[in-house]
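Trainee: Dropping a structure here in C-alpha cells format, bear with me for questions.
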Amino acid sequence: MSSVVDIQNVSFAYGEKPALEDVSLTVEAGDFLGLIGPNGSGKTTLLHIMLGLHSPDEGSVELFGEPVDEFDDGERIGYVSQQATSQGGTMPVTVRECVRMGRFAHVGHGRLSDADKRIAEEALETVDIANLADQRINQLSGGQRQRAYIARAIASEADLLALDEPTVGVDAESRDAFYQLLDSLNDSGITIVLIEHDIGVVTDRADHVACLNTTLYHHGDTESFVESDALSEAYGTTGTVVHHHH
Ligand SMILES: Nc1ncnc2c1ncn2[C@@H]1O[C@H](COP(=O)(O)OP(=O)(O)OP(=O)(O)O)[C@@H](O)[C@H]1O
C-alpha cells in the first residue's frame, strides 16, 4: 500500500534563499504527524509543497500514490491555512454554506442533494457548531471558525487533514477542545499533518514528529524524537525550547 504523503529529496528556495534542503518524509494512512521547527524554518513551505501549492526545485512529491501535479482528488484533502485561522477568510458566507462547500467536489458544482445537505449538517454537529450554522463565517471567533473549516473538511470526507497552526488566536479552553476533536478524527482513521508551535501539544498526541530547520533534524516516532537532541539542534541553543525531556 502506498503512503498518503511521500516527499523525496525536496529542495526549494525563494530566489537565492534556501527554505528547504533535501527533505524526505512519508506519512502513512491514519498517521498523526506533528511538523515543528523554529520561526522561518520552512514548515509552511513544506506543507504547501506537500499539497501541490508550490512546485519543488528538486525532488518529488506524491499524494495517495500519485505525483502531486497530477493529483485531482482535491476533496480527499482538508487544508486549514494559517491565513484562514487568523483572518477568517473574506467570504461573507454563512457557516452552513461554508460547510456545504465541502460537498461541491462530490457533485461537480451541481445542486446539492438532500444527502449532501445531511452530511453537511452532521459535520456541523460533529464539531459542535450546529447552533452557529446561520452566522457569517467572518463573524465567528477564531476557535469557532477553526471548527467551521474542520467541518467543511469532514463534509468533504477528506482522509488527509493538513493544518497550519490552527489554534493561533484561540483561547486555551477552546484550544484543548479543538485538539480533542482532532484526536477523535485521527482515531476514526483520518490522517493528520499538523504544524504547531507548542511542542508539548505535538508530543502529547502525534505518532510521528518531523523537526525542521531548512533540513530535517528528525523524522520518526515521537518517543525517539523526545529522546533525541533534534529539538535543541534544530532550534539552536538560543531558541525557545518549550519542552525538552531528558
Ligand atoms: N513568499 C516568500 N518569499 C520569500 N521568502 C519567503 C516567502 N515565504 C516564506 N519565505 C521565507 O522562507 C523561509 C521559510 O518560511 P516558512 O513560512 O515556510 O517558515 P515557517 O516555518 O512556516 O515559519 P513560521 O513558523 O514563522 O510560520 C523563511 O525564511 C521565510 O522568510
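By order of appearance in the C-alpha cells: chains A, B, ..., then residues from 1 within every chain, and ligands from 1 in the order shown.
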So that I can check the surroundings of range 226-237 of chain A, please list as a ChimeraX atom specification every protein, DNA and RNA residue that reaches within 6 Å of it, counting only C-alpha atoms and ignoring chain neighbours fewer than 4 positions away.
Mentor: /A:38,213,217-218
Trainee: Limited to N, CA and C atoms, could you put the picked residues into a file as a PDB file, in the first residue's frame?
Mentor:
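What ended up in part.pdb:
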ATOM      1  N   PRO A  38      11.600  26.069  14.349  1.00  0.00           N
ATOM      2  CA  PRO A  38      11.534  27.484  14.746  1.00  0.00           C
ATOM      3  C   PRO A  38      10.880  28.357  13.683  1.00  0.00           C
ATOM      4  N   ASN A 213      14.445  22.510  10.239  1.00  0.00           N
ATOM      5  CA  ASN A 213      15.016  23.867  10.148  1.00  0.00           C
ATOM      6  C   ASN A 213      15.810  23.897   8.842  1.00  0.00           C
ATOM      7  N   TYR A 217      15.821  17.662  10.948  1.00  0.00           N
ATOM      8  CA  TYR A 217      16.668  17.216  12.058  1.00  0.00           C
ATOM      9  C   TYR A 217      16.175  15.898  12.642  1.00  0.00           C
ATOM     10  N   HIS A 218      14.922  15.649  12.447  1.00  0.00           N
ATOM     11  CA  HIS A 218      14.369  14.382  12.939  1.00  0.00           C
ATOM     12  C   HIS A 218      13.124  14.075  12.120  1.00  0.00           C
TER      13      HIS A 218
END
Trainee: Run DSSP on the backbone of this structure and report the residues of range 63-144 of chain A it assigns to strand (DSSP E or B), as number ranges by chain.
Mentor: A: 63, 66-67, 77-80, 94, 136
Trainee: Wanna dump the chain A-ligand 1 contacts at 8 Å for me, each residue with its shortest atom pair and the distance in Å to one decimal, counting only C-alpha atoms and all ligand atoms, ordered by chain and number, as CSV?
Mentor:
residue,atom,partner,partner_atom_place_in_ligand_line,distance
A:Ala13,CA,ligand 1,12 (O),7.5
A:Tyr14,CA,ligand 1,4 (C),4.9
A:Gly15,CA,ligand 1,4 (C),7.2
A:Lys17,CA,ligand 1,5 (N),7.2
A:Pro18,CA,ligand 1,12 (O),7.3
A:Ala19,CA,ligand 1,13 (C),4.8
A:Leu20,CA,ligand 1,14 (C),7.8
A:Ile36,CA,ligand 1,21 (O),7.6
A:Gly37,CA,ligand 1,21 (O),6.0
A:Pro38,CA,ligand 1,25 (O),5.9
A:Asn39,CA,ligand 1,26 (O),3.6
A:Gly40,CA,ligand 1,19 (O),3.5
A:Ser41,CA,ligand 1,21 (O),3.8
A:Gly42,CA,ligand 1,18 (O),3.2
A:Lys43,CA,ligand 1,21 (O),3.8
A:Thr44,CA,ligand 1,22 (O),3.6
A:Thr45,CA,ligand 1,18 (O),3.7
A:Leu46,CA,ligand 1,18 (O),6.4
A:His197,CA,ligand 1,25 (O),7.1
A:Leu212,CA,ligand 1,21 (O),7.8
A:Asn213,CA,ligand 1,21 (O),7.5
A:Thr214,CA,ligand 1,14 (C),7.6
Trainee: Hey, which bits of range 52-134 of chain A sit within 7 Å of range 151-173 of chain A, and for each residue what's the closest pair of atoms and how far apart in Å (one decimal), counting only C-alpha atoms, rows by chain and increasing number, as a tab-separated table?
Mentor:
residue	atom	partner	partner_atom	distance
A:Glu75	CA	A:Ser156	CA	5.6
A:Arg76	CA	A:Ala158	CA	3.9
A:Ile77	CA	A:Ala158	CA	4.8
A:Gly78	CA	A:Leu161	CA	4.6
A:Tyr79	CA	A:Ala162	CA	4.8
A:Val80	CA	A:Leu163	CA	4.8
A:Ser81	CA	A:Asp164	CA	5.3
A:Gln82	CA	A:Asp164	CA	5.1
A:Thr85	CA	A:Pro166	CA	6.0
A:Ser86	CA	A:Val168	CA	6.8
A:Cys98	CA	A:Arg152	CA	6.6
A:Val99	CA	A:Arg152	CA	4.1
A:Arg100	CA	A:Arg152	CA	6.8
A:Met101	CA	A:Arg152	CA	6.8
A:Gly102	CA	A:Ser156	CA	4.3
A:Arg103	CA	A:Ser156	CA	5.2
A:Ile119	CA	A:Ala155	CA	5.9
A:Ala120	CA	A:Ala155	CA	5.2
A:Ala123	CA	A:Ala151	CA	5.0
A:Leu124	CA	A:Ala151	CA	5.7
A:Val127	CA	A:Ala151	CA	6.3
Trainee: Applying 7 Å and only C-alpha atoms, which residues near range 55-69 of chain A remain after dropping the ones on its own chain fewer than 5 positions away? List them as a short mmCIF file (atom, residue, chain, number, x, y, z; two decimals) with C-alpha atoms, in the first residue's frame.
Mentor:
data_model
loop_
_atom_site.label_atom_id
_atom_site.label_comp_id
_atom_site.auth_asym_id
_atom_site.auth_seq_id
_atom_site.Cartn_x
_atom_site.Cartn_y
_atom_site.Cartn_z
CA SER A 2 1.32 3.43 -0.86
CA SER A 3 1.82 6.27 1.58
CA VAL A 4 -0.65 9.13 1.88
CA VAL A 5 2.24 11.58 1.50
CA ASP A 6 5.61 10.68 0.00
CA ILE A 7 8.15 13.50 -0.17
CA GLN A 8 11.55 12.58 -1.57
CA ASN A 9 14.65 14.78 -1.57
CA VAL A 10 12.76 18.03 -1.85
CA SER A 11 14.66 21.31 -2.07
CA PHE A 12 13.10 24.73 -2.50
CA ILE A 49 4.77 21.72 -1.43
CA MET A 50 3.07 18.67 0.06
#
Trainee: So, counting only C-alpha atoms, which residue among A:Leu132, A:Val107, A:Cys211, A:Ala115 is closest to Ile199 in chain A?
Mentor: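 Closest residue, counting only C-alpha atoms: A:Cys211.
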Trainee: Using DSSP on the backbone coordinates, identify the residues of range 71-210 of chain A assigned to alpha helix (DSSP H); present them as a ChimeraX atom specification.
Mentor: /A:82-87,95-100,104-107,114-126,142-155,172-187,199-205
Trainee: What separation in Å, quoted to one decimal, exists between CA of Gly110 in chain A and CA of Arg136 in chain A?
Mentor: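 These two atoms are separated by 23.0 Å.
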Trainee: Report, in Å to a single decimal, how far apart CA of Asp31 in chain A and CA of Asp207 in chain A are.
Mentor: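 Computing it gives 6.4 Å between the two atoms.
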Trainee: Point out the residue among A:Ile150, A:Leu51, A:Leu112, A:Val201 with the least atom-to-atom distance to Leu185 in chain A, counting only C-alpha atoms.
Mentor: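 Ranking A:Ile150, A:Leu51, A:Leu112, A:Val201 by distance to Leu185 in chain A, first place goes to A:Ile150.
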Trainee: If you measure from CA of Asp198 in chain A to CA of Arg145 in chain A, what distance in Å do you get, rounded to one decimal?
Mentor: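 Interatomic distance here is 20.3 Å.
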Trainee: At a cut-off of 8 Å, using only C-alpha atoms, what residues contact Asp183 in chain A? Leave out same-chain residues fewer than 4 positions from it and give the result as a list in words.
Mentor: Tyr179, Asp187 and Arg205 of chain A
Trainee: Can you work out which one of A:His208, A:Glu70, A:Ile137, A:Gly34 has the shortest atom-to-atom distance to Ile195 in chain A, counting only C-alpha atoms?
Mentor: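 Comparing A:His208, A:Glu70, A:Ile137, A:Gly34 against Ile195 in chain A, the winner is A:Gly34.
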